[in-house]
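The structure appears below as structure tokens.
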Amino acid sequence: MFRKILIANRGEIAVRVLRACKEMGIRTVAVFSEVDRKALHTRYADEAYCIGPAPARESYLVIDKIIDAARKSGAEAIHPGYGFLAENPLFADRCEKEKIRMIGPSAYAMRTMGSKTVARKTVQAAGVPVVPGTVEPIATEAEVLRVAKGIGFPVMLKATAGGGGKGMRLVREESELSSSLRMAKSEAKSAFSDDSVYIEKYIENPRHVEIQILGDRHGNYVHLGERECSIQRRHQKVVEESPSVIVTPEMRGAMGKVAIEAARAVKYEGAGTCEFLVDSKRNFYFLEMNTRLQVEHPVTEMVTGVDIVKEQIRVAAGENLSIRQEDVKQSGHAIECRVYAEDPERNFMPCPGVVTSLRIPGGPGVRDDSGMYEGFEIPIYYDPIISKLVAWGKDRAEAIARMKRALAEYVVTGVKTTIPFHIRVMNNRHFIEGNFDTNFIDKVFFKEEEARELANEEVALATAAIQVFAEERKRAVARQPGEGAGPVSMWKYSTRPGIRKIG
Amino acid sequence: MSYVATIGEREVTITVEDLGGANYKVEIDGVGHVVDAHQVAGQLWSVLYRGASFVVDVAPQPADEYEVLIQGDCHKFTMMNEQRRAMIRAGGKGSAGKAMLTSPMPGKVVKLLVKEGQEVEAGQGVIVVEAMKMENELKAALAGKVKEIFVEEGEVVESGAKLLLVE
């Protein structure tokens, strides 16, 4: 086993990995940018090295600096967390060259799964169902038409090199095909300097369900069941749960089996996730494989009792997985809410700033994976995720009730957060019934919210008036002669404090 | 002290009287109750109102606006005392037809989409501010001419910083 691990990340995920290392008796090394000197991960680690200025491309994304910190500290392995360098095969190559173990899959597995068409081809060859369509890029309009007719409209045209919705076109009928193809190609050309496109059947109102897998270098694989991730805002997951209300034991077994086949096809080592689209008839189709730890891994940990980060570390050290498939049992239900420093009242605008007060929920079945503390200044430079709140219950109803209770206890002031949004989701009838797809939040939830009447208006008005009243009185006191300048009114801090000027 | 809150089109009159010991007599449109309100941290209050207990987060915004969060509901209104309201009513025309765009968050000015002197429509994107890996296009509040731009591309701005003035 490793004696020392460097964590090449920041914020809540760095803290999560640190916790696993500490429990395993492994010494930890943090890296931090200049604005993260006081961040929780810097404080929690046994050692910490500054790796440069705030922007990630000058610190957390610089492979040389990470390797240098690993050398200086004598770390034998690097855990990349997610984001930053986690799916960068160049980083995996470099670690191999430097004889430092990267905790994750091989560069080969990353490269194969990183290209959409190669991933499709590879898993299809392993017998994994993919969304019907072409594996090879297609060139001529006639061919596109032939394939589209074969799989049936509506279809999606997608850029081979694509990502972020660029070079993607939904074609509902034959008459739209010609112009859509032209636009998809030209978008793909300008975004990726590669105008090749492929074609896929468009799945109407799909659900997003994914399977967590673990593998070791000795050829052992297990799956830890599914996560339901259909609650998305603009294609970004915001609430996840396990199990999924639509997955039956047979379906779970079948999905788990094909996820393991996909992993085996690239000799996958460590923790990985196969994402699937599920249509209204519960047909499932491979979407992509994420070659890293996922943000939503805690819901799986809560229902299976498996510590996924510890398994990653064990496997990276060359050990066998500590569990076999028959040991994996799902117990109860878990839900995760991603808490972002964003203002739900202003179209989820990012809201960095100082956390002026904080109360973290506790009690039975509640887990908070966060990277903040009272007084912490959430920097403007990184992802706005500040915490992952997870609730476990004996069944889904109890998990929802606990999550509602925990969200109501969660107090963060100084910055706006998405906690109020999550309270509304947990109270939504369709969510409670388990009746939703990936379009639910954007197409249904927000409309229903607009029409909703707010409760406790009198209390809101009374409290605001009392606050204004108290503030006016304080100001009057401060103005009285003999008091000097008086104490700085705390109301100066009541609006969001700005960041200090940097650079 | 007497205050006027404006919620959408509605106006509500609220009076507050200090009874001592963190108790206040609050009348809302003439109906009065005793409110037990303790400030537990910053803008956070523990409120006992007619026997019910609430945690209330009162966030003042620019221009006398308030956002009050109770159990996941965000109440938005403007509130000011009667003198201030009278003052604004008397001299209120001064700021009509002008809109100062300020940065709603700390961040970096990535792109200016307009130049000084340019005509803009209400709702037109005028400036892009980046924070937390997200680019946010900020829009003109009203139609008019860009009178002055206070920032340059690449500049780091604080929350509330003046960005540009449309007249």
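Here's how to read the names in the structure tokens: chain A, B, ... by the order shown, residue numbers from 1 in each chain, ligand numbers from 1 in the order shown.
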Discussion item. When you look at range 61-77 of chain A with a cut-off of 10 Å (counting only C-alpha atoms), what residues show up, excluding the ones that are within fewer than 5 positions of it in the same chain? I need them as a ChimeraX atom specification.
Written reply: /A:1-9,27-32,47-52,55-56,83-86,88,90-92,94-95,98-103,313,316-317
Item to complete: Return as JSON, numbers by chain the residues belonging to chain B that are within 7 Å of chain A, counting only C-alpha atoms.
Response: {"B": [16, 26, 41, 42, 43, 58, 59, 60, 61, 68, 71, 72, 73, 75, 105, 106, 107, 131, 132, 133, 158, 159]}
Residues of the last selection are to be written out with C-alpha atoms, as an mmCIF file, in the first residue's frame.
```
data_model
loop_
_atom_site.group_PDB
_atom_site.id
_atom_site.type_symbol
_atom_site.label_atom_id
_atom_site.label_comp_id
_atom_site.auth_asym_id
_atom_site.auth_seq_id
_atom_site.Cartn_x
_atom_site.Cartn_y
_atom_site.Cartn_z
ATOM 1 C CA VAL B 16 -42.375 48.488 13.973
ATOM 2 C CA VAL B 26 -45.272 44.765 14.115
ATOM 3 C CA ALA B 41 -25.762 35.683 12.702
ATOM 4 C CA GLY B 42 -25.209 38.433 10.152
ATOM 5 C CA GLN B 43 -28.459 38.744 8.273
ATOM 6 C CA VAL B 58 -32.843 38.865 5.008
ATOM 7 C CA ALA B 59 -30.544 39.875 2.152
ATOM 8 C CA PRO B 60 -30.588 43.583 1.291
ATOM 9 C CA GLN B 61 -30.010 44.308 -2.404
ATOM 10 C CA VAL B 68 -36.007 37.235 2.169
ATOM 11 C CA GLN B 71 -37.968 27.548 3.966
ATOM 12 C CA GLY B 72 -36.874 27.629 0.337
ATOM 13 C CA ASP B 73 -39.216 30.473 -0.648
ATOM 14 C CA HIS B 75 -39.730 36.765 -1.131
ATOM 15 C CA MET B 105 -20.981 39.232 -8.771
ATOM 16 C CA PRO B 106 -17.237 39.439 -8.432
ATOM 17 C CA GLY B 107 -15.620 38.294 -11.644
ATOM 18 C CA ALA B 131 -17.013 33.895 -12.756
ATOM 19 C CA MET B 132 -16.495 30.283 -11.771
ATOM 20 C CA LYS B 133 -15.849 29.050 -15.308
ATOM 21 C CA GLU B 158 -16.022 43.375 -7.443
ATOM 22 C CA SER B 159 -19.666 42.722 -6.786
#
```
Practice prompt. Would you kindly return, as a VMD selection string, each protein, DNA or RNA residue with an atom no farther than 7 Å from any atom of Gly270 in chain A, considering only C-alpha atoms and excluding same-chain residues fewer than 5 positions away?
Written response: chain A and resid 104 to 105 214 to 216 312 315 to 316
Worksheet entry | Residue nearest Lys108 in chain B among B:Gly8, B:Glu152, B:Tyr24, B:Glu17 (counting only C-alpha atoms) |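 Ranking B:Gly8, B:Glu152, B:Tyr24, B:Glu17 by distance to Lys108 in chain B, first place goes to B:Glu152.
For the pair CA of Pro364 in chain A and CA of Arg396 in chain A, the interatomic distance is 15.0 Å.
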Worksheet entry | Residues near range 277-291 of chain A, cut-off 10 Å, only C-alpha atoms, skip fewer than 4 positions along chain, as a ChimeraX atom specification | /A:82,86-88,104-107,109-117,119-120,123-124,128-132,203-212,230,246-248,251,254-255,258-259,262-263,268-273,437-438
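Proximity to Ala391 in chain A at 8 Å, evaluated using only C-alpha atoms and with sequence-adjacent residues fewer than 4 positions away removed, yields A:Ala334, A:Ile335, A:Glu336, A:Gly365, A:Val366, A:Arg367, A:Ala399, A:Ile400, A:Arg402, A:Met403, A:Ala406.
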Worksheet entry | Residue set, range 223-275 of chain A restricted to helix (DSSP H, G or I), as a PyMOL selection string | chain A and resi 249-265
Could the residues in this selection be saved with C-alpha atoms as a tab-separated table (two decimals), in the first residue's frame?
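Generated output (out.tsv):
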```tsv
chain	number	residue	atom	x	y	z
A	249	PRO	CA	-33.64	-6.18	-10.62
A	250	GLU	CA	-33.47	-7.84	-14.06
A	251	MET	CA	-32.67	-4.54	-15.75
A	252	ARG	CA	-30.01	-3.77	-13.11
A	253	GLY	CA	-28.39	-7.13	-13.71
A	254	ALA	CA	-28.42	-6.62	-17.48
A	255	MET	CA	-27.08	-3.07	-17.31
A	256	GLY	CA	-24.42	-4.08	-14.81
A	257	LYS	CA	-23.32	-6.90	-17.06
A	258	VAL	CA	-22.90	-4.72	-20.15
A	259	ALA	CA	-21.14	-1.99	-18.12
A	260	ILE	CA	-18.62	-4.59	-16.99
A	261	GLU	CA	-18.22	-5.76	-20.61
A	262	ALA	CA	-17.50	-2.17	-21.67
A	263	ALA	CA	-14.91	-1.85	-18.89
A	264	ARG	CA	-13.32	-5.19	-19.72
A	265	ALA	CA	-13.01	-4.15	-23.37
```
Practice prompt. Provide the CA of Ser193 in chain A to CA of Met168 in chain A distance in Å, to one decimal place.
Written response: 14.7 Å
Fill in: Residue neighbourhood Arg172 in chain A, 8 Å, only C-alpha atoms, exclusion window fewer than 4 positions, as an NGL selection string
:A and (153-155 or 176)
Residues just named, written with N, CA and C atoms as a compact mmCIF listing (two decimals), in the first residue's frame:
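See part31.txt below for the written result:
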```
# COMPACT_ATOMS: atom_id res chain seq x y z
N PHE A 153 -36.77 8.47 -38.14
CA PHE A 153 -36.74 9.82 -37.56
C PHE A 153 -37.48 9.81 -36.23
N PRO A 154 -37.21 10.72 -35.30
CA PRO A 154 -36.17 11.76 -35.35
C PRO A 154 -34.76 11.21 -35.14
N VAL A 155 -33.78 11.90 -35.70
CA VAL A 155 -32.38 11.49 -35.51
C VAL A 155 -31.56 12.69 -35.03
N GLU A 176 -35.97 18.31 -43.24
CA GLU A 176 -35.01 19.15 -42.53
C GLU A 176 -33.57 18.68 -42.68
```
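Interatomic distance, CA of Tyr60 in chain A against CA of Val15 in chain A: 15.3 Å.
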Item to complete: Excluding Asp368 in chain A and any residue of its chain fewer than 5 positions from it, enumerate the residues within 7 Å of it, using only C-alpha atoms, and give them as a ChimeraX atom specification.
Response: /A:387-390
Among the residues of range 266-437 of chain A, find those DSSP assigns to strand (DSSP E) from the backbone and print them as a PDB file with C-alpha atoms, in the first residue's frame.
```pdb
ATOM      1  CA  GLY A 270     -10.275   1.568 -10.840  1.00  0.00           C
ATOM      2  CA  ALA A 271     -13.654   3.292 -10.611  1.00  0.00           C
ATOM      3  CA  GLY A 272     -15.577   4.145 -13.760  1.00  0.00           C
ATOM      4  CA  THR A 273     -19.102   4.907 -14.824  1.00  0.00           C
ATOM      5  CA  CYS A 274     -21.099   3.848 -17.862  1.00  0.00           C
ATOM      6  CA  GLU A 275     -23.824   6.319 -18.702  1.00  0.00           C
ATOM      7  CA  PHE A 276     -26.978   5.088 -20.412  1.00  0.00           C
ATOM      8  CA  LEU A 277     -30.059   6.678 -21.902  1.00  0.00           C
ATOM      9  CA  VAL A 278     -33.234   4.823 -21.027  1.00  0.00           C
ATOM     10  CA  PHE A 284     -31.194   1.240 -22.404  1.00  0.00           C
ATOM     11  CA  TYR A 285     -28.418   2.496 -24.661  1.00  0.00           C
ATOM     12  CA  PHE A 286     -24.762   3.159 -23.865  1.00  0.00           C
ATOM     13  CA  LEU A 287     -23.984   6.868 -23.980  1.00  0.00           C
ATOM     14  CA  GLU A 288     -20.412   7.185 -22.746  1.00  0.00           C
ATOM     15  CA  MET A 289     -18.003   5.991 -20.122  1.00  0.00           C
ATOM     16  CA  ASN A 290     -16.552   8.412 -17.597  1.00  0.00           C
ATOM     17  CA  HIS A 333     -32.282   4.698  -0.849  1.00  0.00           C
ATOM     18  CA  ALA A 334     -29.926   7.664  -1.138  1.00  0.00           C
ATOM     19  CA  ILE A 335     -30.302  11.096  -2.731  1.00  0.00           C
ATOM     20  CA  GLU A 336     -27.653  13.718  -3.423  1.00  0.00           C
ATOM     21  CA  CYS A 337     -28.220  17.432  -3.946  1.00  0.00           C
ATOM     22  CA  ARG A 338     -25.361  19.380  -5.490  1.00  0.00           C
ATOM     23  CA  VAL A 339     -25.093  22.645  -3.631  1.00  0.00           C
ATOM     24  CA  TYR A 340     -23.654  25.350  -5.873  1.00  0.00           C
ATOM     25  CA  GLU A 342     -25.256  30.136  -7.595  1.00  0.00           C
ATOM     26  CA  ASP A 343     -28.282  32.363  -7.234  1.00  0.00           C
ATOM     27  CA  MET A 349     -25.703  33.166 -11.820  1.00  0.00           C
ATOM     28  CA  PRO A 350     -22.437  32.210 -10.081  1.00  0.00           C
ATOM     29  CA  GLY A 353     -17.888  35.542  -2.004  1.00  0.00           C
ATOM     30  CA  VAL A 354     -17.330  35.027   1.711  1.00  0.00           C
ATOM     31  CA  SER A 357     -22.253  32.039   8.512  1.00  0.00           C
ATOM     32  CA  LEU A 358     -22.636  28.329   8.082  1.00  0.00           C
ATOM     33  CA  ARG A 359     -24.603  25.600   9.746  1.00  0.00           C
ATOM     34  CA  VAL A 366     -27.232  12.736   6.519  1.00  0.00           C
ATOM     35  CA  ARG A 367     -23.819  13.195   4.908  1.00  0.00           C
ATOM     36  CA  ASP A 368     -22.317  16.503   3.866  1.00  0.00           C
ATOM     37  CA  ASP A 369     -19.270  16.398   1.591  1.00  0.00           C
ATOM     38  CA  SER A 370     -18.241  20.004   1.522  1.00  0.00           C
ATOM     39  CA  GLU A 377     -13.947  32.988   0.577  1.00  0.00           C
ATOM     40  CA  ILE A 378     -15.318  31.041  -2.369  1.00  0.00           C
ATOM     41  CA  ILE A 385     -19.870  23.419  -6.409  1.00  0.00           C
ATOM     42  CA  ILE A 386     -19.452  23.962  -2.666  1.00  0.00           C
ATOM     43  CA  SER A 387     -21.038  20.891  -1.176  1.00  0.00           C
ATOM     44  CA  LYS A 388     -22.765  17.631  -1.897  1.00  0.00           C
ATOM     45  CA  LEU A 389     -25.536  16.933   0.558  1.00  0.00           C
ATOM     46  CA  VAL A 390     -26.567  13.283   0.731  1.00  0.00           C
ATOM     47  CA  ALA A 391     -29.490  11.741   2.589  1.00  0.00           C
ATOM     48  CA  TRP A 392     -30.070   8.054   3.138  1.00  0.00           C
ATOM     49  CA  GLY A 393     -33.391   6.461   4.131  1.00  0.00           C
ATOM     50  CA  VAL A 411     -27.697  27.587   6.544  1.00  0.00           C
ATOM     51  CA  VAL A 412     -25.212  29.397   4.318  1.00  0.00           C
ATOM     52  CA  THR A 413     -25.155  33.185   4.375  1.00  0.00           C
TER      53      THR A 413
END
```
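Compared by their closest atoms to His223 in chain A, and using only C-alpha atoms, the residues A:Thr134, A:Gln236, A:Thr300, A:Ser331 rank with A:Thr300 nearest.
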